[in-house]
$ cat structure.cif   # mmCIF, C-alpha atoms and all ligand atoms
data_run
loop_
_atom_site.label_atom_id
_atom_site.label_comp_id
_atom_site.auth_asym_id
_atom_site.auth_seq_id
_atom_site.Cartn_x
_atom_site.Cartn_y
_atom_site.Cartn_z
CA MET A 1 -34.31 -14.81 -21.02
CA MET A 2 -36.23 -18.08 -20.68
CA PRO A 3 -38.26 -18.30 -17.47
CA ILE A 4 -36.76 -20.60 -14.82
CA LYS A 5 -38.63 -23.50 -13.24
CA ALA A 6 -38.04 -23.85 -9.51
CA GLU A 7 -39.44 -27.07 -8.02
CA TYR A 8 -40.27 -26.32 -4.36
CA ILE A 9 -40.04 -29.60 -2.40
CA TRP A 10 -41.25 -30.13 1.17
CA ILE A 11 -42.07 -32.84 3.69
CA ASP A 12 -45.78 -33.30 4.44
CA GLY A 13 -47.61 -33.91 7.72
CA TYR A 14 -48.57 -37.57 7.21
CA LYS A 15 -48.11 -39.82 10.24
CA PRO A 16 -46.44 -42.02 11.20
CA THR A 17 -44.36 -41.66 8.03
CA ALA A 18 -44.18 -38.36 6.19
CA GLY A 19 -44.13 -38.09 2.41
CA LEU A 20 -42.66 -35.71 -0.13
CA ARG A 21 -44.58 -32.99 -1.98
CA SER A 22 -43.56 -30.44 -4.59
CA LYS A 23 -44.86 -27.78 -6.92
CA THR A 24 -43.34 -25.53 -9.55
CA LYS A 25 -42.74 -21.80 -9.36
CA ILE A 26 -41.78 -19.86 -12.48
CA LEU A 27 -39.13 -17.18 -11.96
CA ASP A 28 -37.69 -14.55 -14.27
CA HIS A 29 -34.21 -14.46 -12.78
CA ILE A 30 -31.27 -16.82 -12.33
CA VAL A 31 -31.11 -18.62 -8.97
CA ARG A 32 -27.73 -19.16 -7.28
CA SER A 33 -28.72 -19.75 -3.66
CA ALA A 34 -31.71 -20.00 -1.33
CA GLU A 35 -31.56 -16.23 -0.78
CA ASP A 36 -32.48 -15.67 -4.45
CA LEU A 37 -35.79 -17.47 -3.92
CA PRO A 38 -38.99 -16.01 -2.49
CA GLU A 39 -40.95 -17.73 0.26
CA TRP A 40 -44.10 -19.41 -1.06
CA SER A 41 -47.25 -20.93 0.39
CA PHE A 42 -49.37 -24.05 -0.07
CA ASP A 43 -52.66 -25.56 1.05
CA GLY A 44 -51.76 -27.30 4.29
CA SER A 45 -55.21 -28.84 4.59
CA SER A 46 -54.33 -31.15 1.67
CA THR A 47 -51.12 -32.40 3.29
CA ARG A 48 -52.29 -32.87 6.90
CA GLN A 49 -50.45 -29.71 7.92
CA ALA A 50 -53.42 -27.39 8.54
CA GLU A 51 -57.19 -27.19 8.98
CA GLY A 52 -59.30 -26.19 5.97
CA ASN A 53 -60.52 -22.95 7.54
CA PHE A 54 -56.96 -21.70 8.08
CA SER A 55 -55.04 -23.61 5.50
CA ASP A 56 -51.99 -21.59 4.41
CA CYS A 57 -48.55 -22.89 5.31
CA LEU A 58 -45.32 -21.23 4.22
CA LEU A 59 -42.40 -22.71 2.28
CA LYS A 60 -39.00 -21.34 3.21
CA PRO A 61 -36.26 -22.31 0.73
CA VAL A 62 -33.24 -23.76 2.56
CA CYS A 63 -31.30 -25.86 0.03
CA VAL A 64 -31.04 -25.31 -3.73
CA ILE A 65 -29.48 -27.65 -6.30
CA PRO A 66 -29.46 -27.69 -10.10
CA ASP A 67 -32.47 -29.63 -11.40
CA PRO A 68 -30.92 -32.73 -13.04
CA ILE A 69 -34.22 -33.71 -14.68
CA ARG A 70 -35.35 -30.44 -16.28
CA GLY A 71 -31.73 -29.35 -16.71
CA GLU A 72 -30.02 -26.07 -15.91
CA PRO A 73 -30.80 -23.29 -15.18
CA ASN A 74 -33.85 -24.89 -13.53
CA VAL A 75 -33.52 -25.77 -9.84
CA LEU A 76 -34.79 -28.09 -7.09
CA VAL A 77 -35.56 -26.20 -3.90
CA LEU A 78 -35.85 -28.04 -0.59
CA CYS A 79 -37.98 -26.05 1.87
CA GLU A 80 -38.78 -25.90 5.56
CA VAL A 81 -42.47 -25.62 6.40
CA LEU A 82 -43.55 -22.66 8.55
CA ASN A 83 -46.90 -21.65 9.98
CA ALA A 84 -48.64 -18.67 8.41
CA ASP A 85 -47.20 -16.43 11.14
CA GLY A 86 -43.65 -17.50 10.27
CA THR A 87 -43.08 -19.78 13.28
CA VAL A 88 -41.74 -23.32 12.84
CA HIS A 89 -44.47 -25.82 11.84
CA ALA A 90 -44.95 -28.90 14.02
CA SER A 91 -43.99 -31.17 11.09
CA ASN A 92 -40.68 -29.35 10.56
CA ALA A 93 -38.01 -31.56 12.14
CA ARG A 94 -35.22 -29.74 10.32
CA ALA A 95 -35.52 -26.67 12.53
CA ARG A 96 -34.63 -28.72 15.59
CA LEU A 97 -31.64 -30.38 13.89
CA ARG A 98 -30.46 -26.90 12.91
CA SER A 99 -30.16 -25.86 16.53
CA ILE A 100 -28.56 -29.14 17.67
CA ALA A 101 -26.05 -29.03 14.80
CA ASP A 102 -25.21 -25.50 15.86
CA GLN A 103 -24.86 -26.42 19.53
CA TYR A 104 -22.30 -29.17 18.80
CA SER A 105 -20.66 -27.71 15.70
CA ASN A 106 -17.23 -27.76 17.40
CA GLN A 107 -17.33 -31.62 17.40
CA GLU A 108 -17.50 -31.69 13.58
CA ALA A 109 -19.99 -34.55 13.26
CA TRP A 110 -20.09 -36.41 9.94
CA PHE A 111 -22.86 -38.70 8.77
CA GLY A 112 -23.09 -41.23 5.96
CA ILE A 113 -26.53 -42.75 5.36
CA GLU A 114 -27.14 -45.98 3.42
CA GLN A 115 -30.62 -45.67 1.96
CA GLU A 116 -32.16 -49.03 1.05
CA TYR A 117 -35.36 -49.07 -0.99
CA ASN A 118 -37.56 -51.41 -3.03
CA LEU A 119 -38.90 -50.99 -6.54
CA TYR A 120 -42.45 -52.01 -7.37
CA LYS A 121 -44.40 -52.27 -10.61
CA ASP A 122 -48.13 -53.00 -10.90
CA GLY A 123 -48.22 -53.51 -7.12
CA ARG A 124 -45.57 -56.27 -7.18
CA PRO A 125 -41.88 -56.09 -6.28
CA LEU A 126 -39.88 -55.67 -9.46
CA GLY A 127 -38.62 -59.16 -10.34
CA PHE A 128 -41.58 -60.99 -8.75
CA PRO A 129 -43.47 -62.90 -11.51
CA GLU A 130 -47.23 -62.46 -11.75
CA GLY A 131 -48.97 -64.79 -9.31
CA GLY A 132 -45.79 -66.36 -7.99
CA PHE A 133 -42.39 -65.95 -6.44
CA PRO A 134 -38.89 -65.58 -7.82
CA ALA A 135 -35.92 -67.72 -6.75
CA PRO A 136 -35.10 -67.26 -3.05
CA GLN A 137 -32.56 -64.66 -1.91
CA GLY A 138 -28.96 -65.44 -2.68
CA GLU A 139 -27.81 -64.17 -6.05
CA TYR A 140 -29.45 -60.75 -6.07
CA TYR A 141 -27.07 -58.88 -3.71
CA CYS A 142 -24.51 -57.06 -5.86
CA GLY A 143 -25.52 -59.39 -8.68
CA VAL A 144 -25.43 -59.13 -12.45
CA GLY A 145 -27.56 -60.48 -15.27
CA ALA A 146 -31.14 -60.15 -16.40
CA ASN A 147 -32.20 -63.10 -14.21
CA ASN A 148 -31.03 -61.29 -11.06
CA MET A 149 -31.18 -57.54 -11.63
CA PHE A 150 -34.39 -55.54 -11.81
CA GLY A 151 -34.58 -51.78 -12.31
CA ARG A 152 -30.96 -51.05 -13.06
CA GLU A 153 -31.76 -48.48 -15.74
CA LEU A 154 -33.67 -46.37 -13.21
CA VAL A 155 -30.96 -46.85 -10.60
CA GLU A 156 -28.26 -45.69 -13.03
CA GLN A 157 -30.30 -42.65 -14.07
CA HIS A 158 -30.79 -41.76 -10.42
CA LEU A 159 -27.06 -42.01 -9.69
CA SER A 160 -26.15 -39.78 -12.65
CA ALA A 161 -28.89 -37.29 -11.76
CA CYS A 162 -27.75 -37.00 -8.13
CA LEU A 163 -24.10 -36.58 -9.11
CA SER A 164 -24.87 -33.94 -11.72
CA ALA A 165 -26.91 -32.06 -9.11
CA GLY A 166 -23.87 -32.03 -6.84
CA LEU A 167 -25.17 -34.44 -4.20
CA LYS A 168 -22.45 -36.29 -2.27
CA ILE A 169 -23.35 -39.83 -3.23
CA ASP A 170 -20.78 -42.30 -1.93
CA GLY A 171 -21.88 -45.37 -3.86
CA ILE A 172 -24.73 -47.67 -4.85
CA ASN A 173 -25.36 -51.42 -4.75
CA ALA A 174 -28.02 -53.99 -5.49
CA GLU A 175 -29.49 -55.46 -2.29
CA VAL A 176 -30.55 -58.89 -1.06
CA MET A 177 -34.19 -58.94 -2.22
CA PRO A 178 -35.09 -58.74 -5.96
CA GLY A 179 -35.73 -55.13 -6.99
CA GLN A 180 -34.06 -53.88 -3.81
CA TRP A 181 -31.22 -51.38 -4.04
CA GLU A 182 -29.19 -48.96 -1.94
CA PHE A 183 -27.49 -45.63 -2.37
CA GLN A 184 -25.24 -43.94 0.18
CA VAL A 185 -25.05 -40.22 0.94
CA GLY A 186 -22.08 -38.73 2.79
CA PRO A 187 -19.92 -38.38 4.69
CA VAL A 188 -21.03 -34.79 5.29
CA GLY A 189 -22.45 -32.77 8.18
CA PRO A 190 -25.89 -33.39 9.74
CA LEU A 191 -27.94 -30.83 7.81
CA ALA A 192 -26.22 -31.57 4.50
CA VAL A 193 -26.68 -35.35 4.77
CA SER A 194 -30.36 -34.96 5.71
CA ASP A 195 -31.19 -32.38 3.03
CA GLN A 196 -29.36 -34.42 0.42
CA LEU A 197 -31.06 -37.65 1.46
CA TRP A 198 -34.52 -36.10 1.12
CA LEU A 199 -33.58 -34.62 -2.25
CA ALA A 200 -32.13 -37.94 -3.45
CA ARG A 201 -35.34 -39.70 -2.36
CA TRP A 202 -37.40 -37.15 -4.28
CA ILE A 203 -35.28 -37.57 -7.44
CA MET A 204 -35.64 -41.36 -7.18
CA CYS A 205 -39.44 -41.22 -6.88
CA ARG A 206 -39.68 -38.64 -9.67
CA LEU A 207 -37.51 -40.65 -12.10
CA GLY A 208 -39.47 -43.79 -11.23
CA GLU A 209 -42.54 -42.12 -12.75
CA ASN A 210 -40.85 -42.29 -16.18
CA PHE A 211 -40.62 -46.08 -15.87
CA GLY A 212 -43.98 -46.70 -14.21
CA ILE A 213 -41.97 -47.88 -11.19
CA GLU A 214 -42.98 -47.05 -7.64
CA VAL A 215 -40.25 -46.54 -5.07
CA ARG A 216 -41.02 -47.79 -1.56
CA PHE A 217 -39.12 -46.78 1.57
CA LYS A 218 -40.53 -49.33 4.01
CA PRO A 219 -38.84 -51.32 6.78
CA LYS A 220 -40.41 -54.62 5.71
CA PRO A 221 -41.93 -54.28 2.24
CA GLN A 222 -42.54 -58.05 1.83
CA MET A 223 -43.30 -60.35 4.72
CA GLY A 224 -41.62 -63.75 4.71
CA ASP A 225 -38.04 -64.70 4.04
CA TRP A 226 -37.14 -61.43 2.33
CA ASN A 227 -34.76 -58.84 3.75
CA GLY A 228 -36.20 -55.64 5.13
CA ALA A 229 -34.97 -52.20 4.12
CA GLY A 230 -32.90 -50.05 6.44
CA ALA A 231 -31.07 -46.76 6.51
CA HIS A 232 -27.84 -47.61 8.31
CA THR A 233 -26.50 -44.37 9.71
CA ASN A 234 -22.74 -44.03 9.92
CA PHE A 235 -21.45 -41.47 12.38
CA SER A 236 -18.20 -39.91 13.51
CA THR A 237 -16.94 -36.86 15.34
CA LYS A 238 -13.55 -35.24 14.86
CA ALA A 239 -12.33 -36.96 18.04
CA MET A 240 -13.37 -40.39 16.68
CA ARG A 241 -11.50 -39.78 13.45
CA GLU A 242 -8.27 -38.81 15.22
CA VAL A 243 -5.60 -41.06 16.79
CA GLY A 244 -7.11 -42.91 19.78
CA GLY A 245 -10.62 -42.32 18.43
CA ILE A 246 -11.66 -45.94 19.01
CA LYS A 247 -12.01 -45.14 22.70
CA ILE A 248 -14.47 -42.35 21.90
CA ILE A 249 -16.35 -44.73 19.55
CA GLU A 250 -16.72 -47.27 22.37
CA GLU A 251 -17.90 -44.59 24.79
CA ALA A 252 -20.47 -43.55 22.19
CA CYS A 253 -21.74 -47.15 21.99
CA GLN A 254 -22.21 -47.18 25.77
CA LYS A 255 -24.14 -43.92 25.64
CA LEU A 256 -26.32 -45.36 22.87
CA GLN A 257 -27.02 -48.49 24.92
CA VAL A 258 -28.69 -46.47 27.68
CA LYS A 259 -30.86 -44.56 25.20
CA HIS A 260 -31.87 -47.52 23.01
CA ALA A 261 -35.62 -47.19 23.58
CA GLU A 262 -35.60 -43.43 22.96
CA HIS A 263 -33.75 -43.89 19.69
CA MET A 264 -36.12 -46.58 18.45
CA LYS A 265 -38.99 -44.09 18.72
CA VAL A 266 -37.55 -41.94 15.92
CA TYR A 267 -35.94 -44.67 13.80
CA GLY A 268 -38.99 -45.28 11.57
CA ALA A 269 -42.53 -46.67 11.94
CA GLY A 270 -42.96 -50.43 11.53
CA ASN A 271 -39.29 -51.08 12.26
CA GLU A 272 -40.24 -53.94 14.62
CA LEU A 273 -41.17 -55.97 11.53
CA ARG A 274 -37.62 -55.57 10.25
CA LEU A 275 -35.56 -55.79 13.46
CA THR A 276 -36.35 -59.41 14.21
CA GLY A 277 -32.81 -60.66 14.84
CA LEU A 278 -32.86 -62.37 11.43
CA HIS A 279 -31.82 -61.01 8.02
CA GLU A 280 -28.67 -59.19 9.22
CA THR A 281 -30.39 -57.34 12.07
CA CYS A 282 -30.38 -57.30 15.86
CA SER A 283 -33.72 -57.78 17.61
CA ILE A 284 -35.48 -54.52 18.42
CA ASN A 285 -35.61 -55.58 22.10
CA GLU A 286 -31.86 -55.94 22.39
CA PHE A 287 -28.88 -53.64 22.12
CA ARG A 288 -25.49 -55.01 21.12
CA TYR A 289 -22.40 -53.50 19.60
CA GLY A 290 -19.38 -55.18 18.12
CA VAL A 291 -16.61 -55.10 15.56
CA SER A 292 -17.71 -56.27 12.11
CA ASP A 293 -20.94 -57.66 13.60
CA ARG A 294 -23.82 -57.33 11.14
CA GLY A 295 -26.15 -58.89 13.69
CA ALA A 296 -25.47 -56.06 16.16
CA SER A 297 -27.34 -52.79 16.74
CA ILE A 298 -24.10 -50.85 16.29
CA ARG A 299 -21.30 -52.19 14.14
CA ILE A 300 -17.78 -50.89 14.45
CA PRO A 301 -16.33 -51.39 10.96
CA VAL A 302 -13.25 -53.63 11.00
CA TYR A 303 -11.31 -50.81 9.35
CA SER A 304 -12.04 -48.49 12.31
CA ALA A 305 -11.07 -51.17 14.84
CA LYS A 306 -7.81 -51.92 12.99
CA ASN A 307 -6.83 -48.27 12.64
CA GLY A 308 -7.88 -47.38 16.16
CA ARG A 309 -10.07 -44.59 14.80
CA GLY A 310 -12.88 -43.93 12.35
CA TYR A 311 -16.65 -44.20 12.75
CA LEU A 312 -19.53 -46.36 13.97
CA GLU A 313 -22.51 -47.72 12.05
CA ASP A 314 -25.97 -47.54 13.63
CA ARG A 315 -27.79 -50.38 11.86
CA ARG A 316 -31.15 -49.75 13.52
CA PRO A 317 -32.77 -46.91 11.48
CA ALA A 318 -35.40 -48.10 8.97
CA ALA A 319 -35.68 -47.09 5.31
CA ASN A 320 -38.57 -44.73 6.12
CA MET A 321 -36.78 -42.81 8.88
CA ASP A 322 -36.58 -39.03 8.89
CA PRO A 323 -32.86 -38.15 8.78
CA TYR A 324 -33.52 -34.85 10.56
CA LYS A 325 -34.78 -36.79 13.59
CA VAL A 326 -32.17 -39.56 13.47
CA CYS A 327 -29.20 -37.19 13.14
CA ALA A 328 -30.57 -34.99 15.93
CA LYS A 329 -30.99 -37.99 18.25
CA LEU A 330 -27.52 -39.34 17.54
CA MET A 331 -25.91 -35.96 18.19
CA GLU A 332 -27.90 -35.42 21.38
CA THR A 333 -26.88 -38.81 22.77
CA ILE A 334 -23.28 -38.94 21.60
CA CYS A 335 -22.16 -35.30 21.56
CA GLY A 336 -23.89 -34.38 24.83
CA GLU A 337 -22.28 -35.11 28.20
P1 LIG B 1 -21.69 -51.17 4.47
O1 LIG B 1 -22.66 -51.60 3.42
O2 LIG B 1 -20.45 -52.03 4.52
O3 LIG B 1 -22.31 -51.00 5.82
P2 LIG B 1 -21.42 -48.72 2.85
O4 LIG B 1 -20.19 -48.66 2.00
O5 LIG B 1 -22.70 -49.00 2.20
O6 LIG B 1 -21.12 -49.71 4.09
O7 LIG B 1 -21.62 -47.33 3.60
C1 LIG B 1 -20.63 -46.75 4.39
C2 LIG B 1 -21.08 -45.36 4.75
O8 LIG B 1 -20.21 -44.81 5.73
C3 LIG B 1 -21.11 -44.36 3.59
O9 LIG B 1 -22.34 -43.69 3.59
C4 LIG B 1 -19.99 -43.38 3.94
O10 LIG B 1 -20.28 -42.08 3.50
C5 LIG B 1 -19.98 -43.46 5.45
N1 LIG B 1 -18.75 -43.03 6.09
C6 LIG B 1 -17.46 -43.30 5.71
N2 LIG B 1 -16.58 -42.72 6.54
C7 LIG B 1 -17.30 -42.06 7.49
C8 LIG B 1 -16.97 -41.27 8.65
N3 LIG B 1 -15.70 -41.05 9.01
N4 LIG B 1 -17.99 -40.76 9.36
C9 LIG B 1 -19.27 -41.00 9.04
N5 LIG B 1 -19.64 -41.73 7.96
C10 LIG B 1 -18.68 -42.27 7.20
MN MN B 2 -24.19 -50.49 2.53
MN MN B 3 -27.36 -52.46 2.64
MN MN B 4 -24.36 -50.83 6.34
#
$ encode --input "structure.cif" --output "structure tokens"
Amino acid sequence: MMPIKAEYIWIDGYKPTAGLRSKTKILDHIVRSAEDLPEWSFDGSSTRQAEGNFSDCLLKPVCVIPDPIRGEPNVLVLCEVLNADGTVHASNARARLRSIADQYSNQEAWFGIEQEYNLYKDGRPLGFPEGGFPAPQGEYYCGVGANNMFGRELVEQHLSACLSAGLKIDGINAEVMPGQWEFQVGPVGPLAVSDQLWLARWIMCRLGENFGIEVRFKPKPQMGDWNGAGAHTNFSTKAMREVGGIKIIEEACQKLQVKHAEHMKVYGAGNELRLTGLHETCSINEFRYGVSDRGASIRIPVYSAKNGRGYLEDRRPAANMDPYKVCAKLMETICGE
């Protein structure tokens, strides 16, 4: 048989915002699940995960999907990073989410994450003319036409790739700034949404290479009167989704209020540039929740308020957040007593 290409993907040790890395392993057998894949190692001194004199880190496969770029039977393999002795590496936030997800599994938490991002070419936002500015924001959001839309071919390829790899993409839309877009993952459980978000980010960056387009996940990619990029995190438990759930949603908002500062610490570096109180955000120094309120920290969708059950939307996380940390924090605050 033809050898199989397995792309091992992991999260590096860069601070304050980690990046994605990957390398290819050739296998001589079909891969159906993570158990079919060997552990592997990499040079942690090149990714800020180890010192040069003791540089080996381990890659433990945890999530395998068909590779939508190389095609089947090749695979993408998301990994956790371990120290050489097999213990959890300091940069591995997934391990902690694993134990929190386990602790509260009876509450059946679901997450849906709206990943906003910006496309760049030659160092400029896609749609920004050389040495100048495009028309101000207004017609780009969910727009159509070559004067308004930049990068759609890449965006469409990404959507098809994610769907063919079995990722639970909920939808996509063009955003408020030129060359700014969004895709949504979910609703699924905490580990699934986080693994899938990281994989979807990787696929987006990888496909961008084919177009010479750089994908940026940054809270405020362009200063000035341009929207920032967030990662609104939608959350529900079984109790919130059942009759009378709106009461549980409101209680969750009150719990979140008390922990606002703690949450902001893991919601993405540079988020203060985005959460100014303008551009559909609440100021980082305030906490507010409300029905349909896009200027609040937490929005209760009108649909949830009307039905008396559903979910809440945490609008605070930035585009560069680590979903393992955000999901863990939300579950700790809301699912705990
Ligand atoms: P908006 O742009 O209006 O804030 P989107 O349609 O972009 O909303 O995103 C809504 C998100 O909410 C999606 O990611 C979806 O998966 C998620 N979602 C829907 N229902 C639930 C639920 N019961 N629990 C958690 N997330 C949910
Ligand atoms: Mn959205
Ligand atoms: Mn959006
Ligand atoms: Mn939203």
$ residues_around --input "structure.cif" --residues "range 159-165 of chain A" --least-positions-apart "3" --cutoff "8 Å" --atoms "all atoms listed in the file" --output "PyMOL selection string"
chain A and resi 65-69+155-156+168-169+172+200+203
$ residues_near_ligand --input "structure.cif" --ligand "ligand MN 4 (chain B)" --cutoff "12 Å" --atoms "only C-alpha atoms and all ligand atoms" --output "PyMOL selection string"
chain A and resi 112-116+171-173+175+182-185+229-235+280-281+292-301+312-319
$ atom_distance --input "structure.cif" --atom1 "CA of Ile26 in chain A" --atom2 "CA of Leu78 in chain A"
15.6 Å
$ closest_residue --input "structure.cif" --among "A:Gln254, A:Gln107, A:Thr276, A:Ser236" --to "ligand LIG 1 (chain B)" --atoms "only C-alpha atoms and all ligand atoms"
A:Ser236
$ closest_residue --input "structure.cif" --among "A:Met331, A:Leu207, A:Leu199, A:Leu126" --to "His263 in chain A" --atoms "all atoms listed in the file"
A:Met331
$ residues_around --input "structure.cif" --residues "Leu256 in chain A" --least-positions-apart "2" --cutoff "12 Å" --atoms "only C-alpha atoms" --output "PyMOL selection string"
chain A and resi 249-254+258-264+286-289+297-298+312-314+316+329-336
$ atom_distance --input "structure.cif" --atom1 "atom O2 of ligand LIG 1 (chain B)" --atom2 "CA of His279 in chain A"
14.9 Å
$ closest_residue --input "structure.cif" --among "A:Ser33, A:Ser91, A:Asn53, A:Ser283" --to "Pro16 in chain A" --atoms "all atoms listed in the file"
A:Ser91
$ atom_distance --input "structure.cif" --atom1 "CA of Ile11 in chain A" --atom2 "CA of Pro221 in chain A"
21.5 Å
